[in-house]
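Dropping run_23.cif in here (mmCIF, C-alpha atoms):
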```cif
data_structure
#
loop_
_atom_site.label_atom_id
_atom_site.label_comp_id
_atom_site.auth_asym_id
_atom_site.auth_seq_id
_atom_site.Cartn_x
_atom_site.Cartn_y
_atom_site.Cartn_z
CA MET A 1 73.91 -16.18 15.37
CA ALA A 2 70.57 -16.56 13.63
CA GLU A 3 68.46 -19.55 14.49
CA ARG A 4 65.31 -20.70 12.72
CA ILE A 5 62.62 -22.44 14.77
CA ALA A 6 59.38 -24.06 13.66
CA ILE A 7 56.23 -24.89 15.61
CA ASP A 8 54.20 -27.46 13.68
CA PRO A 9 51.52 -28.37 14.46
CA VAL A 10 50.10 -25.40 16.36
CA THR A 11 47.50 -27.11 18.55
CA ARG A 12 44.26 -25.94 20.20
CA ILE A 13 43.11 -24.23 17.02
CA GLU A 14 40.71 -25.35 14.31
CA GLY A 15 42.68 -26.25 11.20
CA HIS A 16 46.34 -26.91 10.54
CA LEU A 17 48.96 -24.23 11.14
CA ARG A 18 52.76 -24.06 10.99
CA LEU A 19 54.74 -21.16 12.44
CA GLU A 20 58.36 -20.43 11.70
CA ALA A 21 60.52 -17.73 13.20
CA LYS A 22 64.04 -16.47 12.65
CA VAL A 23 65.63 -15.66 15.99
CA GLU A 24 68.72 -13.45 16.32
CA ASN A 25 70.25 -12.72 19.70
CA GLY A 26 67.09 -13.80 21.49
CA ARG A 27 64.77 -11.68 19.32
CA VAL A 28 62.45 -12.74 16.52
CA THR A 29 63.53 -10.87 13.40
CA GLU A 30 61.33 -12.56 10.82
CA ALA A 31 58.29 -14.86 11.09
CA TRP A 32 56.18 -16.92 8.71
CA ALA A 33 52.81 -18.64 9.15
CA SER A 34 51.52 -21.28 6.79
CA SER A 35 48.24 -23.08 6.59
CA THR A 36 49.28 -26.64 5.84
CA MET A 37 45.94 -28.00 4.65
CA PHE A 38 43.98 -27.25 1.46
CA ARG A 39 40.65 -28.66 0.27
CA GLY A 40 39.58 -26.37 -2.57
CA LEU A 41 36.01 -25.44 -1.72
CA GLU A 42 36.18 -22.52 -4.18
CA ILE A 43 36.87 -25.01 -6.97
CA ILE A 44 34.21 -27.47 -5.80
CA MET A 45 31.47 -24.81 -5.55
CA LYS A 46 31.77 -23.72 -9.19
CA GLY A 47 28.70 -24.67 -11.20
CA ARG A 48 26.74 -26.02 -8.22
CA ASP A 49 23.19 -25.09 -7.22
CA PRO A 50 23.64 -21.79 -5.28
CA ARG A 51 21.08 -22.97 -2.72
CA GLU A 52 23.65 -25.53 -1.56
CA ALA A 53 26.40 -22.94 -0.96
CA TRP A 54 25.52 -22.49 2.70
CA LEU A 55 25.43 -26.25 3.30
CA MET A 56 29.04 -26.57 2.16
CA ALA A 57 30.35 -23.23 3.46
CA GLN A 58 29.15 -23.93 7.01
CA ARG A 59 31.39 -26.99 6.95
CA ILE A 60 34.65 -25.16 6.23
CA MET B 1 44.05 -34.80 28.68
CA LYS B 2 46.04 -36.33 31.51
CA ASN B 3 47.54 -39.64 30.59
CA PRO B 4 46.01 -42.22 32.92
CA ASP B 5 47.61 -45.43 31.81
CA THR B 6 46.43 -47.29 34.85
CA GLY B 7 43.22 -47.39 36.80
CA SER B 8 39.80 -48.66 35.83
CA LEU B 9 36.78 -46.77 34.69
CA GLN B 10 35.06 -47.71 37.94
CA ALA B 11 37.77 -45.83 39.88
CA ALA B 12 37.41 -42.79 37.62
CA LEU B 13 33.64 -42.80 38.07
CA SER B 14 33.70 -42.91 41.85
CA GLU B 15 36.36 -40.19 41.86
CA ARG B 16 33.88 -38.00 40.03
CA GLY B 17 31.00 -38.86 42.29
CA VAL B 18 28.95 -40.85 39.79
CA SER B 19 26.54 -43.04 41.75
CA ARG B 20 26.15 -46.77 41.20
CA ARG B 21 22.58 -46.16 40.17
CA ASP B 22 23.55 -43.64 37.48
CA PHE B 23 26.24 -45.98 36.24
CA LEU B 24 23.81 -48.89 35.82
CA LYS B 25 21.31 -46.58 34.16
CA PHE B 26 24.00 -45.59 31.67
CA CYS B 27 24.79 -49.28 31.02
CA ALA B 28 21.11 -49.95 30.32
CA ILE B 29 20.93 -47.03 27.88
CA MET B 30 24.05 -48.33 26.13
CA ALA B 31 22.49 -51.78 25.82
CA GLY B 32 19.48 -50.12 24.22
CA THR B 33 21.57 -48.00 21.85
CA LEU B 34 23.52 -51.09 20.79
CA ALA B 35 20.21 -52.92 20.18
CA LEU B 36 21.05 -55.51 22.83
CA PRO B 37 18.48 -57.02 25.19
CA ALA B 38 18.30 -55.49 28.67
CA THR B 39 19.82 -58.71 30.05
CA PHE B 40 23.17 -57.47 28.74
CA THR B 41 23.18 -54.55 31.18
CA PRO B 42 25.07 -56.42 33.96
CA LYS B 43 27.59 -57.77 31.45
CA ILE B 44 28.28 -54.25 30.20
CA ALA B 45 28.56 -52.99 33.78
CA ARG B 46 31.05 -55.73 34.75
CA ALA B 47 33.13 -55.14 31.62
CA LEU B 48 33.25 -51.37 32.13
CA GLU B 49 34.17 -51.70 35.78
CA ALA B 50 37.12 -53.89 34.95
CA ALA B 51 38.16 -52.26 31.71
CA LYS B 52 41.56 -50.68 31.51
CA ARG B 53 41.09 -47.46 29.64
CA PRO B 54 42.48 -47.92 26.16
CA ALA B 55 44.96 -45.50 24.64
CA VAL B 56 43.42 -43.46 21.85
CA VAL B 57 44.93 -41.25 19.17
CA TRP B 58 42.64 -38.88 17.30
CA LEU B 59 44.02 -37.81 13.92
CA GLU B 60 42.72 -34.77 12.07
CA PHE B 61 43.42 -34.41 8.37
CA GLN B 62 41.25 -32.51 5.85
CA ASP B 63 38.64 -31.71 8.47
CA CYS B 64 36.58 -28.79 9.75
CA ALA B 65 36.78 -29.94 13.41
CA GLY B 66 32.99 -30.30 13.33
CA CYS B 67 33.27 -33.90 14.53
CA THR B 68 35.57 -32.69 17.31
CA GLU B 69 32.86 -30.20 18.25
CA SER B 70 30.46 -33.14 18.35
CA LEU B 71 32.86 -35.03 20.64
CA LEU B 72 33.21 -32.08 22.99
CA ARG B 73 29.45 -31.85 23.29
CA ALA B 74 29.09 -35.37 24.66
CA ASN B 75 26.73 -34.69 27.52
CA ARG B 76 24.03 -37.29 27.49
CA PRO B 77 24.04 -39.20 29.67
CA THR B 78 26.59 -37.61 31.98
CA VAL B 79 28.45 -40.89 32.33
CA ALA B 80 29.06 -40.97 28.58
CA GLU B 81 31.07 -37.81 28.86
CA ILE B 82 33.16 -39.47 31.52
CA VAL B 83 33.68 -42.66 29.56
CA LEU B 84 35.02 -40.62 26.65
CA ASP B 85 36.90 -38.26 28.90
CA THR B 86 38.67 -41.05 30.71
CA LEU B 87 39.83 -42.76 27.58
CA SER B 88 43.55 -42.26 27.53
CA LEU B 89 43.37 -39.69 24.75
CA ASN B 90 47.07 -39.35 24.02
CA TYR B 91 46.90 -37.22 20.89
CA HIS B 92 44.24 -34.81 19.66
CA GLU B 93 45.50 -31.63 17.97
CA THR B 94 42.50 -29.46 18.77
CA ILE B 95 42.44 -30.10 22.50
CA MET B 96 45.95 -31.20 23.54
CA ALA B 97 48.25 -28.95 25.56
CA PRO B 98 51.61 -29.45 23.78
CA SER B 99 52.37 -28.00 20.35
CA GLY B 100 55.01 -28.68 17.72
CA LYS B 101 57.59 -31.38 18.37
CA ARG B 102 56.21 -32.15 21.83
CA ALA B 103 52.80 -32.88 20.32
CA GLU B 104 54.34 -35.16 17.74
CA LYS B 105 56.27 -36.93 20.51
CA SER B 106 52.96 -37.86 22.21
CA LEU B 107 51.91 -39.53 18.99
CA ALA B 108 55.26 -41.26 18.41
CA ASP B 109 55.31 -42.62 21.99
CA THR B 110 51.81 -44.08 21.65
CA VAL B 111 52.63 -45.61 18.27
CA ALA B 112 55.77 -47.18 19.74
CA GLU B 113 53.68 -48.88 22.43
CA GLY B 114 51.11 -50.17 19.93
CA GLY B 115 47.66 -51.64 20.54
CA TYR B 116 45.85 -48.29 20.73
CA LEU B 117 42.57 -47.24 19.14
CA THR B 118 42.84 -44.75 16.28
CA ILE B 119 40.08 -42.27 15.53
CA VAL B 120 40.32 -40.42 12.22
CA GLU B 121 38.51 -37.19 11.36
CA GLY B 122 38.84 -35.66 7.89
CA SER B 123 39.78 -36.98 4.47
CA ILE B 124 43.23 -37.90 3.22
CA PRO B 125 44.52 -36.02 0.15
CA THR B 126 46.32 -38.30 -2.30
CA ALA B 127 46.95 -35.96 -5.26
CA ASP B 128 50.48 -34.59 -5.82
CA ASP B 129 52.02 -37.01 -3.31
CA GLY B 130 49.62 -35.93 -0.57
CA ILE B 131 51.00 -32.41 -0.09
CA TYR B 132 47.56 -30.87 0.54
CA CYS B 133 47.63 -31.83 4.21
CA CYS B 134 50.88 -31.84 6.17
CA ILE B 135 51.41 -32.01 9.93
CA GLY B 136 54.86 -31.60 11.43
CA GLY B 137 56.28 -31.70 7.92
CA ARG B 138 54.76 -35.10 7.08
CA THR B 139 51.82 -35.80 4.79
CA ALA B 140 48.51 -37.08 6.16
CA LEU B 141 49.01 -40.21 4.05
CA ASP B 142 52.40 -40.90 5.67
CA ILE B 143 51.11 -40.32 9.19
CA LEU B 144 48.01 -42.46 8.73
CA LYS B 145 49.96 -45.38 7.27
CA GLU B 146 52.42 -45.37 10.16
CA VAL B 147 49.74 -45.03 12.85
CA ALA B 148 47.60 -47.70 11.18
CA ALA B 149 50.46 -50.20 11.16
CA HIS B 150 50.44 -50.45 14.98
CA THR B 151 46.81 -49.80 15.90
CA ALA B 152 44.26 -52.31 17.19
CA ALA B 153 41.44 -50.79 15.15
CA ILE B 154 40.47 -47.60 13.35
CA ILE B 155 37.22 -45.75 13.96
CA THR B 156 36.47 -43.07 11.38
CA VAL B 157 34.22 -40.21 12.41
CA GLY B 158 32.31 -38.09 9.93
CA ALA B 159 31.71 -38.25 6.19
CA CYS B 160 35.22 -37.11 5.20
CA ALA B 161 37.17 -39.92 6.86
CA PHE B 162 34.45 -42.34 5.65
CA TYR B 163 34.55 -41.76 1.88
CA GLY B 164 36.26 -38.38 1.38
CA GLY B 165 33.30 -36.12 2.23
CA TRP B 166 32.98 -32.68 0.73
CA PRO B 167 36.71 -32.32 -0.10
CA ALA B 168 36.15 -35.34 -2.38
CA THR B 169 33.18 -33.75 -4.15
CA THR B 170 33.56 -33.37 -7.93
CA PRO B 171 36.11 -32.37 -9.17
CA ASN B 172 37.93 -33.46 -5.98
CA PRO B 173 40.83 -31.02 -6.42
CA THR B 174 43.11 -32.68 -3.84
CA GLY B 175 42.35 -36.34 -4.54
CA ALA B 176 40.70 -36.62 -1.13
CA LYS B 177 39.88 -40.15 0.01
CA GLY B 178 38.43 -41.94 3.01
CA VAL B 179 40.46 -44.13 5.35
CA LYS B 180 39.12 -47.39 3.88
CA ASP B 181 40.47 -46.35 0.48
CA VAL B 182 44.06 -45.83 1.64
CA VAL B 183 44.49 -48.37 4.46
CA SER B 184 43.93 -52.11 4.37
CA GLY B 185 44.35 -55.12 6.62
CA ILE B 186 43.14 -53.36 9.79
CA PRO B 187 39.63 -53.48 11.28
CA ILE B 188 37.90 -50.22 10.31
CA LEU B 189 34.58 -49.07 11.71
CA ASN B 190 32.93 -46.03 10.13
CA LEU B 191 30.70 -43.59 11.97
CA PRO B 192 29.72 -41.32 9.07
CA GLY B 193 27.54 -38.24 9.36
CA CYS B 194 28.27 -34.55 8.92
CA PRO B 195 29.12 -34.34 11.75
CA PHE B 196 28.96 -37.81 13.34
CA ASN B 197 26.90 -38.27 16.49
CA VAL B 198 29.09 -38.70 19.57
CA ASP B 199 26.57 -41.01 21.27
CA ASN B 200 27.34 -43.58 18.57
CA LEU B 201 31.05 -43.33 19.43
CA THR B 202 30.27 -43.83 23.12
CA ALA B 203 28.23 -46.92 22.27
CA THR B 204 30.98 -48.26 20.01
CA VAL B 205 33.59 -47.77 22.75
CA VAL B 206 31.31 -49.47 25.29
CA HIS B 207 30.88 -52.38 22.86
CA TYR B 208 34.65 -52.58 22.36
CA LEU B 209 35.26 -52.66 26.12
CA THR B 210 32.44 -55.13 26.80
CA PHE B 211 32.99 -57.63 24.00
CA GLY B 212 36.62 -56.96 23.10
CA GLY B 213 35.80 -56.13 19.49
CA LEU B 214 33.87 -53.92 17.13
CA PRO B 215 30.08 -54.21 16.74
CA GLU B 216 28.45 -55.89 13.75
CA MET B 217 28.72 -53.77 10.60
CA ASP B 218 27.18 -53.48 7.15
CA ASP B 219 29.36 -53.94 4.07
CA LEU B 220 30.41 -50.28 4.21
CA GLY B 221 31.75 -50.82 7.73
CA ARG B 222 28.97 -48.89 9.47
CA PRO B 223 27.66 -50.41 12.74
CA LEU B 224 24.17 -51.81 12.27
CA PHE B 225 22.96 -50.50 15.63
CA ALA B 226 23.34 -46.94 14.31
CA TYR B 227 22.97 -47.26 10.53
CA GLY B 228 20.61 -50.20 10.12
CA ARG B 229 17.36 -48.28 9.98
CA ARG B 230 15.88 -45.89 7.50
CA ILE B 231 15.36 -42.30 8.64
CA HIS B 232 11.98 -42.16 6.92
CA ASP B 233 10.65 -45.07 9.00
CA ASN B 234 11.46 -43.38 12.31
CA CYS B 235 10.64 -39.81 11.31
CA GLU B 236 8.22 -37.81 13.42
CA ARG B 237 6.85 -36.28 10.17
CA ARG B 238 6.13 -39.72 8.68
CA GLY B 239 2.43 -39.45 9.45
CA HIS B 240 2.24 -36.37 7.23
CA PHE B 241 3.96 -38.26 4.40
CA ASP B 242 1.44 -41.09 4.68
CA ALA B 243 -1.41 -38.59 4.78
CA GLY B 244 -0.07 -36.76 1.73
CA GLU B 245 0.63 -33.55 3.66
CA PHE B 246 3.72 -31.95 2.17
CA VAL B 247 5.61 -28.69 2.57
CA GLN B 248 5.49 -27.09 -0.90
CA ALA B 249 7.55 -23.95 -0.18
CA TRP B 250 9.72 -22.72 2.68
CA GLY B 251 7.56 -20.91 5.19
CA ASP B 252 4.21 -22.03 3.75
CA GLU B 253 1.37 -23.24 5.93
CA GLY B 254 2.54 -26.86 5.77
CA HIS B 255 6.04 -25.85 6.84
CA ARG B 256 4.64 -23.94 9.79
CA LYS B 257 2.55 -26.98 10.73
CA GLY B 258 5.51 -29.38 10.59
CA TRP B 259 4.43 -31.37 7.53
CA CYS B 260 6.59 -33.75 5.51
CA LEU B 261 9.70 -32.24 3.83
CA TYR B 262 9.96 -34.85 1.05
CA LYS B 263 9.11 -32.40 -1.74
CA MET B 264 11.69 -29.92 -0.43
CA GLY B 265 14.37 -32.51 -1.13
CA CYS B 266 14.43 -34.52 2.12
CA LYS B 267 16.51 -37.69 1.60
CA GLY B 268 14.96 -39.49 4.59
CA PRO B 269 13.42 -42.21 2.40
CA VAL B 270 16.86 -43.35 1.20
CA ALA B 271 18.99 -42.47 4.24
CA PHE B 272 20.07 -44.79 7.06
CA HIS B 273 21.01 -43.31 10.43
CA ASN B 274 19.62 -43.22 13.97
CA CYS B 275 19.18 -39.39 13.99
CA PRO B 276 15.40 -39.46 14.55
CA THR B 277 15.74 -41.51 17.73
CA LEU B 278 19.15 -40.40 19.07
CA ARG B 279 18.85 -36.71 18.08
CA TRP B 280 21.31 -33.91 18.82
CA ASN B 281 22.03 -31.21 21.39
CA GLU B 282 21.14 -33.27 24.43
CA GLY B 283 18.45 -35.03 22.47
CA THR B 284 16.41 -31.90 21.87
CA SER B 285 16.19 -31.85 18.09
CA TRP B 286 17.58 -32.97 14.73
CA PRO B 287 17.64 -31.41 11.23
CA VAL B 288 14.22 -32.67 10.10
CA GLY B 289 12.76 -31.72 13.48
CA ALA B 290 14.15 -28.22 12.97
CA GLY B 291 12.41 -27.89 9.59
CA HIS B 292 15.06 -28.77 6.99
CA GLY B 293 15.16 -31.96 4.94
CA CYS B 294 17.68 -34.72 5.60
CA ILE B 295 20.73 -34.51 3.30
CA ALA B 296 21.68 -38.17 3.86
CA CYS B 297 25.03 -37.17 5.35
CA ALA B 298 25.84 -40.74 6.43
CA ALA B 299 25.65 -42.06 2.86
CA PRO B 300 28.65 -42.28 0.56
CA ASN B 301 28.89 -39.51 -2.06
CA PHE B 302 25.85 -37.67 -0.70
CA TRP B 303 27.22 -34.29 -1.86
CA GLU B 304 26.79 -35.45 -5.46
CA SER B 305 23.03 -35.61 -4.91
CA PRO B 306 21.09 -32.30 -5.31
CA ALA B 307 20.08 -31.26 -1.79
CA TYR B 308 16.83 -29.56 -2.81
CA GLU B 309 15.48 -32.00 -5.42
CA PRO B 310 13.13 -34.77 -4.26
CA VAL B 311 14.69 -38.21 -4.39
CA PRO B 312 12.74 -40.77 -6.47
CA ILE B 313 10.94 -43.41 -4.42
CA HIS B 314 10.22 -46.60 -6.32
CA GLN B 315 8.69 -48.58 -3.54
CA LEU B 316 6.93 -47.31 -0.45
CA THR B 317 7.42 -49.40 2.62
CA PRO B 318 4.82 -49.72 5.35
CA PRO B 319 5.97 -48.00 8.54
CA SER B 320 5.92 -51.25 10.51
CA THR B 321 8.46 -52.94 8.28
CA TYR B 322 12.18 -52.28 8.26
CA PRO B 323 14.54 -53.02 5.39
CA GLU B 324 17.24 -55.65 5.47
CA ALA B 325 20.20 -54.14 7.26
CA GLU B 326 22.66 -55.17 4.51
CA ALA B 327 20.72 -53.11 2.03
CA ALA B 328 21.62 -50.00 4.01
CA ALA B 329 24.98 -50.21 2.29
CA ALA B 330 23.33 -49.28 -0.96
CA GLY B 331 23.43 -45.68 0.16
CA LEU B 332 21.66 -43.03 -1.85
CA SER B 333 20.61 -44.95 -4.91
CA PRO B 334 16.84 -44.80 -5.45
CA THR B 335 16.98 -48.10 -7.32
CA ALA B 336 18.51 -49.66 -4.26
CA ALA B 337 15.76 -48.21 -2.10
CA GLY B 338 13.31 -49.92 -4.43
CA LEU B 339 15.20 -53.19 -4.25
CA ILE B 340 15.17 -53.07 -0.47
CA GLY B 341 11.42 -52.96 -0.55
CA ALA B 342 11.25 -55.72 -3.14
CA ALA B 343 13.74 -57.94 -1.33
CA ALA B 344 11.77 -57.67 1.87
CA GLY B 345 8.79 -58.98 -0.07
CA LEU B 346 6.62 -56.07 0.90
CA ALA B 347 3.18 -55.32 -0.28
CA VAL B 348 2.60 -51.59 -0.30
CA GLY B 349 0.48 -50.82 2.73
CA ALA B 350 -2.79 -49.01 2.48
CA ALA B 351 -1.31 -45.85 3.96
CA GLY B 352 1.62 -46.04 1.57
CA ALA B 353 -0.67 -46.46 -1.40
CA VAL B 354 -2.66 -43.41 -0.40
CA ALA B 355 0.55 -41.46 -0.08
CA ALA B 356 1.69 -42.64 -3.51
CA GLN B 357 -1.56 -41.52 -5.09
CA ARG B 358 -1.44 -38.16 -3.41
CA LEU B 359 2.18 -37.64 -4.31
CA GLY B 360 1.34 -38.17 -7.95
CA LYS B 361 -1.78 -36.03 -7.72
CA GLU B 362 -0.12 -33.09 -6.01
CA ASP B 363 2.81 -33.22 -8.37
CA LYS B 364 0.35 -32.71 -11.22
CA GLU B 365 -1.41 -29.89 -9.44
CA GLU B 366 1.89 -28.11 -8.98
CA LYS B 367 2.54 -27.99 -12.73
#
```

Transcribe the structure of this file into structure tokens.
Amino acid sequence: MAERIAIDPVTRIEGHLRLEAKVENGRVTEAWASSTMFRGLEIIMKGRDPREAWLMAQRI
Amino acid sequence: MKNPDTGSLQAALSERGVSRRDFLKFCAIMAGTLALPATFTPKIARALEAAKRPAVVWLEFQDCAGCTESLLRANRPTVAEIVLDTLSLNYHETIMAPSGKRAEKSLADTVAEGGYLTIVEGSIPTADDGIYCCIGGRTALDILKEVAAHTAAIITVGACAFYGGWPATTPNPTGAKGVKDVVSGIPILNLPGCPFNVDNLTATVVHYLTFGGLPEMDDLGRPLFAYGRRIHDNCERRGHFDAGEFVQAWGDEGHRKGWCLYKMGCKGPVAFHNCPTLRWNEGTSWPVGAGHGCIACAAPNFWESPAYEPVPIHQLTPPSTYPEAEAAAAGLSPTAAGLIGAAAGLAVGAAGAVAAQRLGKEDKEEK
């Protein structure tokens, strides 16, 4: 009997993470990880003064 | 991360071997940080001794955990670390032991009891029904609204929870907002900065425990004790500004000599924060001290302002005069900086006038 379990949030890490696993007969057969937070720095950086890139990137 | 619902701070301090003398010294420093007269020291001491440690939940949304790093580096004075450590911190994703449903249960249990303090780090995405930040299958917006409904007060830490921070920078792809823009009817105190300075949180908590409420704030909800004074007026490089000694290029002679960073884009003249006096890393340094201009990280929308372009100054204020605290709310606007000077009825001091002349002169020489 397959069972699907989810661990969300995964704590003691920087950022937001969700883990899901499909368990069959006590063994994980498939697993998925998803980052559950998005800010869009790549979009924000477009067209900005390149000298400011490090100021924003260090704050990811 | 234990859950000490009972027991006073005094008990926790003696358990850890903090002497009475060190404790009183800490209370005196807190009185100073909160801009209270020294006569308040015994009142703070009595309040802290009797205080039941409040329950705290720390929510992280669109954050980088930089403010959490700042929290974990609370180490000056030693007692401050203990005050923060002995708060009943019931929920904090980055440092709590349980994960998944057990973590969410810690939050649900605290919310069910009510009356806790809420600390928020990171912005709240509002675009597309808030799907850009989900924890335990719920959106940040959902979680915040539920937690806010039962909290005694909210303290935001960092620029993101204050106004949206860099996630909210144009074009703000996720509709990121600050707490004050999505929650109403609850006392909110903002400790902006990128990251915020943990000593200001310690002082705010001490104020809360001593007086049973939040400290006096400006109209952006920032406590005046920390955000009432202009960086420029407390800057160790101010003398070089007044003398017309400016860094003109990174690594030039002026830069090596520690001259004023105004022309390299320093926003000190329009920024309000206690960085120059409180400092960072056990009080050893701060950005301007390390040789980079201030980016005004405690001001709303500071990312919209070019970091390396000089900010216009319309009115120079003599170093001995401080602006009206309310005017701090004006944030980054150069016009507002001018108005502050005008409202205070200032005549430009002799030193300021010299600086103004030299600024103009050197600008011409550059071209």

Inset, instruction - Show which residues sit within 12 Å of His92 in chain B, as a PyMOL selection string. Count only C-alpha atoms, and ignore same-chain residues fewer than 2 positions away. - result: (chain A and resi 9-14) or (chain B and resi 1+55-61+65+68+71-72+88-90+94-99+103-104+106-107+118-121)

Inset, instruction - Define the interface residues of chain A facing chain B as those within 8 Å, counting all atoms listed in the file, and report them as a ChimeraX atom specification. - result: /A:6-16,18,36-41,43-44,49,51-52,56,59-60

Legend entry - Distance in Å - CA of Tyr208 in chain B versus CA of Val270 in chain B: 29.1 Å

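CA of Ala290 in chain B is found 27.4 Å from CA of Phe26 in chain B.
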
Inset, instruction - Starting from the displayed file, determine the output of the PyMOL selection byres ((chain A and resi 32) around 7) and express the residue list as number ranges by chain. - result: A: 19-21, 31, 33-34

Inset, instruction - Report the distance between CA of Val247 in chain B and CA of His314 in chain B in Å, rounded to one decimal place. - result: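 CA of His314 in chain B lies at a distance of 20.5 Å from CA of Val247 in chain B.
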
Legend entry - Hits from the PyMOL selection byres ((chain B and resi 200) around 10), listed as a VMD selection string: chain B and resid 30 33 to 34 157 191 196 to 199 201 to 206 223 225 to 227 274 278

Mind working out the centre and edge lengths of an axis-aligned box for range 49-56 of chain A, all listed atoms inside, 3 Å added to each side, rounded to one decimal in Å and written as lines of an AutoDock Vina configuration file?
```
center_x = 25.1
center_y = -24.2
center_z = -2.0
size_x = 14.0
size_y = 10.8
size_z = 16.5
```

Legend entry - Shell of 8 Å around Gly291 in chain B, only C-alpha atoms, local chain residues under 2 positions omitted, as JSON, numbers by chain: {"B": [255, 258, 261, 287, 288, 289, 293]}

Inset, instruction - Using the chain letters and residue numbers of this document, give as a count of residues only the residues selected by the PyMOL selection byres ((chain B and resi 41) around 12). - result: 28

Inset, instruction - May I ask which of the residues B:Leu214, B:Val111, B:Val147, B:Val179 is the closest one to Gly165 in chain B, counting all atoms listed in the file? - result: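 Looking only at the distances to Gly165 in chain B, the closest residue turns out to be B:Val179.
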
Inset, instruction - Would you mind listing what lies within 8 Å of His150 in chain B as a list in words, with only C-alpha atoms counted and same-chain residues fewer than 3 positions away left out? - result: Val111, Ala112, Gly114, Gly115, Tyr116, Glu146 and Val147 of chain B

Could you please fill out range 14-30 of chain A with N, CA and C atoms and send it back as a PDB file, keeping the file's coordinate frame?
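Now in result24.pdb:
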```
ATOM      1  N   GLU A  14      41.390 -24.564  15.342  1.00  0.00           N
ATOM      2  CA  GLU A  14      40.710 -25.350  14.310  1.00  0.00           C
ATOM      3  C   GLU A  14      41.521 -25.190  13.039  1.00  0.00           C
ATOM      4  N   GLY A  15      41.898 -26.295  12.422  1.00  0.00           N
ATOM      5  CA  GLY A  15      42.680 -26.250  11.200  1.00  0.00           C
ATOM      6  C   GLY A  15      44.134 -26.628  11.462  1.00  0.00           C
ATOM      7  N   HIS A  16      44.940 -26.508  10.428  1.00  0.00           N
ATOM      8  CA  HIS A  16      46.340 -26.910  10.540  1.00  0.00           C
ATOM      9  C   HIS A  16      47.233 -25.700  10.288  1.00  0.00           C
ATOM     10  N   LEU A  17      48.126 -25.431  11.223  1.00  0.00           N
ATOM     11  CA  LEU A  17      48.960 -24.230  11.140  1.00  0.00           C
ATOM     12  C   LEU A  17      50.410 -24.550  11.486  1.00  0.00           C
ATOM     13  N   ARG A  18      51.326 -23.928  10.717  1.00  0.00           N
ATOM     14  CA  ARG A  18      52.760 -24.060  10.990  1.00  0.00           C
ATOM     15  C   ARG A  18      53.329 -22.649  11.163  1.00  0.00           C
ATOM     16  N   LEU A  19      54.100 -22.449  12.209  1.00  0.00           N
ATOM     17  CA  LEU A  19      54.740 -21.160  12.440  1.00  0.00           C
ATOM     18  C   LEU A  19      56.249 -21.335  12.390  1.00  0.00           C
ATOM     19  N   GLU A  20      56.903 -20.412  11.712  1.00  0.00           N
ATOM     20  CA  GLU A  20      58.360 -20.430  11.700  1.00  0.00           C
ATOM     21  C   GLU A  20      58.865 -19.057  12.081  1.00  0.00           C
ATOM     22  N   ALA A  21      59.965 -19.019  12.784  1.00  0.00           N
ATOM     23  CA  ALA A  21      60.520 -17.730  13.200  1.00  0.00           C
ATOM     24  C   ALA A  21      62.042 -17.754  13.102  1.00  0.00           C
ATOM     25  N   LYS A  22      62.590 -16.623  12.676  1.00  0.00           N
ATOM     26  CA  LYS A  22      64.040 -16.470  12.650  1.00  0.00           C
ATOM     27  C   LYS A  22      64.415 -15.691  13.906  1.00  0.00           C
ATOM     28  N   VAL A  23      65.268 -16.277  14.709  1.00  0.00           N
ATOM     29  CA  VAL A  23      65.630 -15.660  15.990  1.00  0.00           C
ATOM     30  C   VAL A  23      67.092 -15.219  15.950  1.00  0.00           C
ATOM     31  N   GLU A  24      67.335 -13.942  16.243  1.00  0.00           N
ATOM     32  CA  GLU A  24      68.720 -13.450  16.320  1.00  0.00           C
ATOM     33  C   GLU A  24      68.940 -12.785  17.657  1.00  0.00           C
ATOM     34  N   ASN A  25      69.927 -13.242  18.370  1.00  0.00           N
ATOM     35  CA  ASN A  25      70.250 -12.720  19.700  1.00  0.00           C
ATOM     36  C   ASN A  25      69.013 -12.645  20.609  1.00  0.00           C
ATOM     37  N   GLY A  26      68.241 -13.724  20.596  1.00  0.00           N
ATOM     38  CA  GLY A  26      67.090 -13.800  21.490  1.00  0.00           C
ATOM     39  C   GLY A  26      65.875 -13.005  21.029  1.00  0.00           C
ATOM     40  N   ARG A  27      65.919 -12.434  19.817  1.00  0.00           N
ATOM     41  CA  ARG A  27      64.770 -11.680  19.320  1.00  0.00           C
ATOM     42  C   ARG A  27      64.313 -12.256  17.984  1.00  0.00           C
ATOM     43  N   VAL A  28      62.999 -12.278  17.806  1.00  0.00           N
ATOM     44  CA  VAL A  28      62.450 -12.740  16.520  1.00  0.00           C
ATOM     45  C   VAL A  28      62.631 -11.608  15.507  1.00  0.00           C
ATOM     46  N   THR A  29      63.313 -11.909  14.422  1.00  0.00           N
ATOM     47  CA  THR A  29      63.530 -10.870  13.400  1.00  0.00           C
ATOM     48  C   THR A  29      62.618 -11.054  12.199  1.00  0.00           C
ATOM     49  N   GLU A  30      62.267 -12.306  11.906  1.00  0.00           N
ATOM     50  CA  GLU A  30      61.330 -12.560  10.820  1.00  0.00           C
ATOM     51  C   GLU A  30      60.450 -13.717  11.238  1.00  0.00           C
TER      52      GLU A  30
END
```
